[in-house]
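Here is the structure we will look at, set down as structure tokens.
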There are 2 protein chains.
Amino acid sequence: MTSFESRTSDYPIERIFLERWSPRALAGVPMDHETLMTIFEAARWAPSSYNSQPWRYIYAHRDTPAWAGLFNLLVEGNQGWARDASVLIVAISKTTMSPRGEEVPSYSHSFDAGSGWQNLALQATAMGWFAHGMVGFDMARAASELGIPDGYKVESAIALGKLGDKSKLPEHFQKMEQPNDRNPVSSFAFEGRFPAA
Amino acid sequence: MTSFESRTSDYPIERIFLERWSPRALAGVPMDHETLMTIFEAARWAPSSYNSQPWRYIYAHRDTPAWAGLFNLLVEGNQGWARDASVLIVAISKTTMSPRGEEVPSYSHSFDAGSGWQNLALQATAMGWFAHGMVGFDMARAASELGIPDGYKVESAIALGKLGDKSKLPEHFQKMEQPNDRNPVSSFAFEGRFPAA
């Protein structure tokens, strides 16, 4: 088993999987551009069907002209803490691929984009940063206001940041501000067959 | 930058992201059960919306009664190499979640399951194993024959194995049998707005 703060795994996994969590108390510091590109570079090497690489990202550094366009998409509850993020990202997937030249629907574009997102989050963790995914944002407005064409699906918003002072969070978020737990492997991995309900 | 075999990253990422690739030449050796559980344990700690943990896995070790039920779902091209896998897996996601008690559709179940899959693949890599994802299998038959209930989506099949002898692969697969390349970060990460076509 492996341990990190409130988390203990049942089997001896790499520590980075436990170190990755989704804080809300962020420090409001800038992220240098090379660090952001390194985080995207990790996403680059994720697997995808036929190496279709369906992941796309729109990003904005804090204190830049692009920031408001992403920040304003977030629901109020997320704006309350994500204002102290260093970078905001909208993760997108391309819904078609061309394994043999011709453009065909991709079955796994969201699943594949999820693998890119996880690489991104782990690389951030490895460098002392944190990544917090959000579905609490206006996906339809994201598509129209950020110029996302047909044939792409908005998947998630992501806040990247450095850990900040949790006492500045609203009280209900302060209580949640620690690495959360998980159901055991036996609850989601089954030999040969899905268990009867 | 970081290098591994044919791969060189443009930014200095953790080496494990380059070490993870999807071979077809597998060794046909058994995997001990503790190793498989450790691989699933990594998936356990992936992020998901509202910590809904939508990932589910049905697995079969080679040379066990469960094996044929999964192997027979694969398309012929995948059967040709996956017969030498150590474990076969069908990855599934739960399409609903209960963030506030009531069951509601999950927007990100496939994306979240993709993050679990990537943890699984990276943990396998860290232990000297390989994970190869496949969409080339009969998803409808997977659902019916493996007892997957309504409300779950079949996402991917996965072969886990040890690297084997590439000269035993069919010739067209031998040519592909090395870590493949990727498009650069500049092709998929955009500041502020999706680029005009």
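Ligands are numbered from 1 in the order shown, chains are lettered A, B, ... in the order of the structure tokens, and residues start at 1 in each chain.
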
| field | Proximal residues of chain A relative to chain B (only C-alpha atoms; 6 Å) as an MDAnalysis selection string | value | chainID A and resid 11 38 56:60 66 110:112 114:115 118 146:148 188:194

Go ahead and save the picked residues with C-alpha atoms, as an mmCIF file, in the first residue's frame.
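The resulting file, part.cif, is reproduced below:
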```
data_model
loop_
_atom_site.group_PDB
_atom_site.id
_atom_site.type_symbol
_atom_site.label_atom_id
_atom_site.label_comp_id
_atom_site.auth_asym_id
_atom_site.auth_seq_id
_atom_site.Cartn_x
_atom_site.Cartn_y
_atom_site.Cartn_z
ATOM 1 C CA TYR A 11 -2.246 -2.032 -3.264
ATOM 2 C CA THR A 38 5.187 20.963 -20.386
ATOM 3 C CA ARG A 56 -7.746 19.964 -27.998
ATOM 4 C CA TYR A 57 -7.281 22.655 -25.348
ATOM 5 C CA ILE A 58 -8.097 26.328 -25.169
ATOM 6 C CA TYR A 59 -6.186 28.018 -22.370
ATOM 7 C CA ALA A 60 -5.835 31.387 -20.697
ATOM 8 C CA ALA A 66 -7.824 35.747 -22.779
ATOM 9 C CA SER A 110 -14.234 11.441 -25.037
ATOM 10 C CA PHE A 111 -12.550 8.436 -23.443
ATOM 11 C CA ASP A 112 -9.323 9.243 -25.298
ATOM 12 C CA GLY A 114 -9.899 11.723 -20.732
ATOM 13 C CA SER A 115 -6.591 9.902 -20.991
ATOM 14 C CA GLN A 118 -5.119 12.524 -16.786
ATOM 15 C CA LEU A 146 -14.479 30.283 -28.029
ATOM 16 C CA GLY A 147 -15.076 29.490 -31.712
ATOM 17 C CA ILE A 148 -15.216 25.724 -31.298
ATOM 18 C CA PHE A 188 -15.597 -1.730 -9.772
ATOM 19 C CA ALA A 189 -13.449 -4.595 -11.161
ATOM 20 C CA PHE A 190 -15.196 -7.904 -11.833
ATOM 21 C CA GLU A 191 -13.933 -11.194 -13.167
ATOM 22 C CA GLY A 192 -15.620 -12.433 -16.359
ATOM 23 C CA ARG A 193 -18.992 -10.814 -15.922
ATOM 24 C CA PHE A 194 -20.778 -7.763 -14.565
#
```

| task | Name the residues of chain B that fall into alpha helix (DSSP H) according to DSSP on the backbone, using the chain letters and numbers of this document, as number ranges by chain. | result | B: 16-19, 33-44, 67-71, 76-82, 109-126, 139-145, 171-176

| task | Within stretch 40-190 of chain A, find each residue whose DSSP state, derived from the backbone, is strand (DSSP E), and express the selection as number ranges by chain. | result | A: 55-61, 87-94, 96-100, 102-105, 130-134, 152-161, 189-190

Selection file, N, CA and C atoms, as a short mmCIF file (atom, residue, chain, number, x, y, z; two decimals), in the first residue's frame:
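Final file, selection-v6.cif:
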```
data_model
loop_
_atom_site.label_atom_id
_atom_site.label_comp_id
_atom_site.auth_asym_id
_atom_site.auth_seq_id
_atom_site.Cartn_x
_atom_site.Cartn_y
_atom_site.Cartn_z
N TRP A 55 -7.63 15.14 -28.51
CA TRP A 55 -7.63 16.20 -27.50
C TRP A 55 -7.28 17.55 -28.09
N ARG A 56 -8.03 18.57 -27.67
CA ARG A 56 -7.75 19.96 -28.00
C ARG A 56 -7.92 20.75 -26.71
N TYR A 57 -7.17 21.84 -26.55
CA TYR A 57 -7.28 22.65 -25.35
C TYR A 57 -7.27 24.12 -25.72
N ILE A 58 -8.16 24.87 -25.11
CA ILE A 58 -8.10 26.33 -25.17
C ILE A 58 -7.71 26.80 -23.77
N TYR A 59 -6.70 27.63 -23.68
CA TYR A 59 -6.19 28.02 -22.37
C TYR A 59 -6.10 29.53 -22.24
N ALA A 60 -6.06 29.97 -20.99
CA ALA A 60 -5.84 31.39 -20.70
C ALA A 60 -5.02 31.49 -19.41
N HIS A 61 -3.92 32.22 -19.46
CA HIS A 61 -3.17 32.56 -18.26
C HIS A 61 -3.91 33.65 -17.49
N VAL A 87 -4.04 29.21 -14.45
CA VAL A 87 -4.42 29.00 -15.86
C VAL A 87 -5.80 28.36 -15.87
N LEU A 88 -6.65 28.77 -16.77
CA LEU A 88 -7.91 28.08 -17.03
C LEU A 88 -7.84 27.44 -18.40
N ILE A 89 -8.47 26.27 -18.50
CA ILE A 89 -8.43 25.49 -19.74
C ILE A 89 -9.84 24.98 -20.04
N VAL A 90 -10.21 24.96 -21.30
CA VAL A 90 -11.38 24.19 -21.73
C VAL A 90 -10.85 23.02 -22.56
N ALA A 91 -11.17 21.81 -22.12
CA ALA A 91 -10.74 20.59 -22.82
C ALA A 91 -11.83 20.18 -23.80
N ILE A 92 -11.43 19.81 -24.98
CA ILE A 92 -12.32 19.54 -26.11
C ILE A 92 -11.87 18.24 -26.77
N SER A 93 -12.79 17.54 -27.44
CA SER A 93 -12.36 16.39 -28.24
C SER A 93 -12.92 16.49 -29.65
N LYS A 94 -12.15 15.99 -30.59
CA LYS A 94 -12.59 15.90 -31.99
C LYS A 94 -13.39 14.62 -32.13
N THR A 96 -14.48 13.02 -34.77
CA THR A 96 -14.21 12.14 -35.91
C THR A 96 -12.71 11.86 -35.99
N MET A 97 -12.38 10.83 -36.77
CA MET A 97 -10.96 10.52 -36.99
C MET A 97 -10.80 9.96 -38.40
N SER A 98 -9.57 9.81 -38.84
CA SER A 98 -9.30 9.37 -40.22
C SER A 98 -8.31 8.22 -40.23
N PRO A 99 -8.73 7.06 -39.71
CA PRO A 99 -7.76 5.96 -39.60
C PRO A 99 -7.28 5.46 -40.96
N ARG A 100 -8.11 5.62 -41.99
CA ARG A 100 -7.70 5.16 -43.33
C ARG A 100 -7.95 6.25 -44.36
N GLU A 102 -10.27 8.45 -44.90
CA GLU A 102 -11.65 8.96 -44.86
C GLU A 102 -12.05 9.33 -43.41
N GLU A 103 -12.75 10.45 -43.26
CA GLU A 103 -13.20 10.92 -41.95
C GLU A 103 -14.39 10.08 -41.46
N VAL A 104 -14.25 9.44 -40.32
CA VAL A 104 -15.33 8.61 -39.76
C VAL A 104 -15.55 9.00 -38.29
N PRO A 105 -16.75 8.69 -37.75
CA PRO A 105 -16.97 9.00 -36.34
C PRO A 105 -15.98 8.23 -35.45
N PHE A 130 -1.36 21.88 -9.30
CA PHE A 130 -2.59 21.10 -9.16
C PHE A 130 -3.53 21.39 -10.32
N ALA A 131 -4.31 20.38 -10.68
CA ALA A 131 -5.30 20.52 -11.75
C ALA A 131 -6.66 20.10 -11.20
N HIS A 132 -7.65 20.94 -11.39
CA HIS A 132 -9.00 20.66 -10.89
C HIS A 132 -9.97 20.72 -12.07
N GLY A 133 -10.55 19.56 -12.41
CA GLY A 133 -11.52 19.50 -13.49
C GLY A 133 -12.90 19.96 -13.05
N MET A 134 -13.64 20.51 -13.97
CA MET A 134 -14.98 21.03 -13.66
C MET A 134 -15.94 20.75 -14.81
N TYR A 152 -16.59 18.97 -32.85
CA TYR A 152 -15.80 18.93 -31.62
C TYR A 152 -16.76 18.95 -30.43
N LYS A 153 -16.43 18.20 -29.38
CA LYS A 153 -17.24 18.19 -28.17
C LYS A 153 -16.50 18.87 -27.02
N VAL A 154 -17.16 19.78 -26.34
CA VAL A 154 -16.60 20.38 -25.13
C VAL A 154 -16.67 19.33 -24.02
N GLU A 155 -15.55 19.02 -23.42
CA GLU A 155 -15.49 17.93 -22.44
C GLU A 155 -15.46 18.41 -21.00
N SER A 156 -14.62 19.38 -20.71
CA SER A 156 -14.38 19.74 -19.31
C SER A 156 -13.70 21.09 -19.24
N ALA A 157 -13.86 21.78 -18.13
CA ALA A 157 -12.99 22.92 -17.83
C ALA A 157 -11.97 22.45 -16.81
N ILE A 158 -10.84 23.11 -16.77
CA ILE A 158 -9.75 22.72 -15.88
C ILE A 158 -9.13 23.98 -15.30
N ALA A 159 -8.93 24.00 -13.98
CA ALA A 159 -8.17 25.08 -13.34
C ALA A 159 -6.82 24.51 -12.94
N LEU A 160 -5.75 25.22 -13.30
CA LEU A 160 -4.40 24.85 -12.85
C LEU A 160 -3.93 25.90 -11.85
N GLY A 161 -3.31 25.46 -10.79
CA GLY A 161 -2.82 26.44 -9.83
C GLY A 161 -1.88 25.85 -8.81
N ALA A 189 -14.16 -3.67 -10.25
CA ALA A 189 -13.45 -4.59 -11.16
C ALA A 189 -13.97 -6.01 -10.91
N PHE A 190 -14.45 -6.64 -11.97
CA PHE A 190 -15.20 -7.90 -11.83
C PHE A 190 -14.62 -8.95 -12.78
#
```

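Here atom CA of A:Met31 is placed at a distance of 10.6 Å from atom CA of A:Asp63.
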
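Excluding B:Ala25 itself and same-chain residues fewer than 6 positions from it, the residues having an atom within 7 Å of it are Trp81, Leu163, Gly164, Asp165, Lys166 and Leu169 of chain B, counting only C-alpha atoms.
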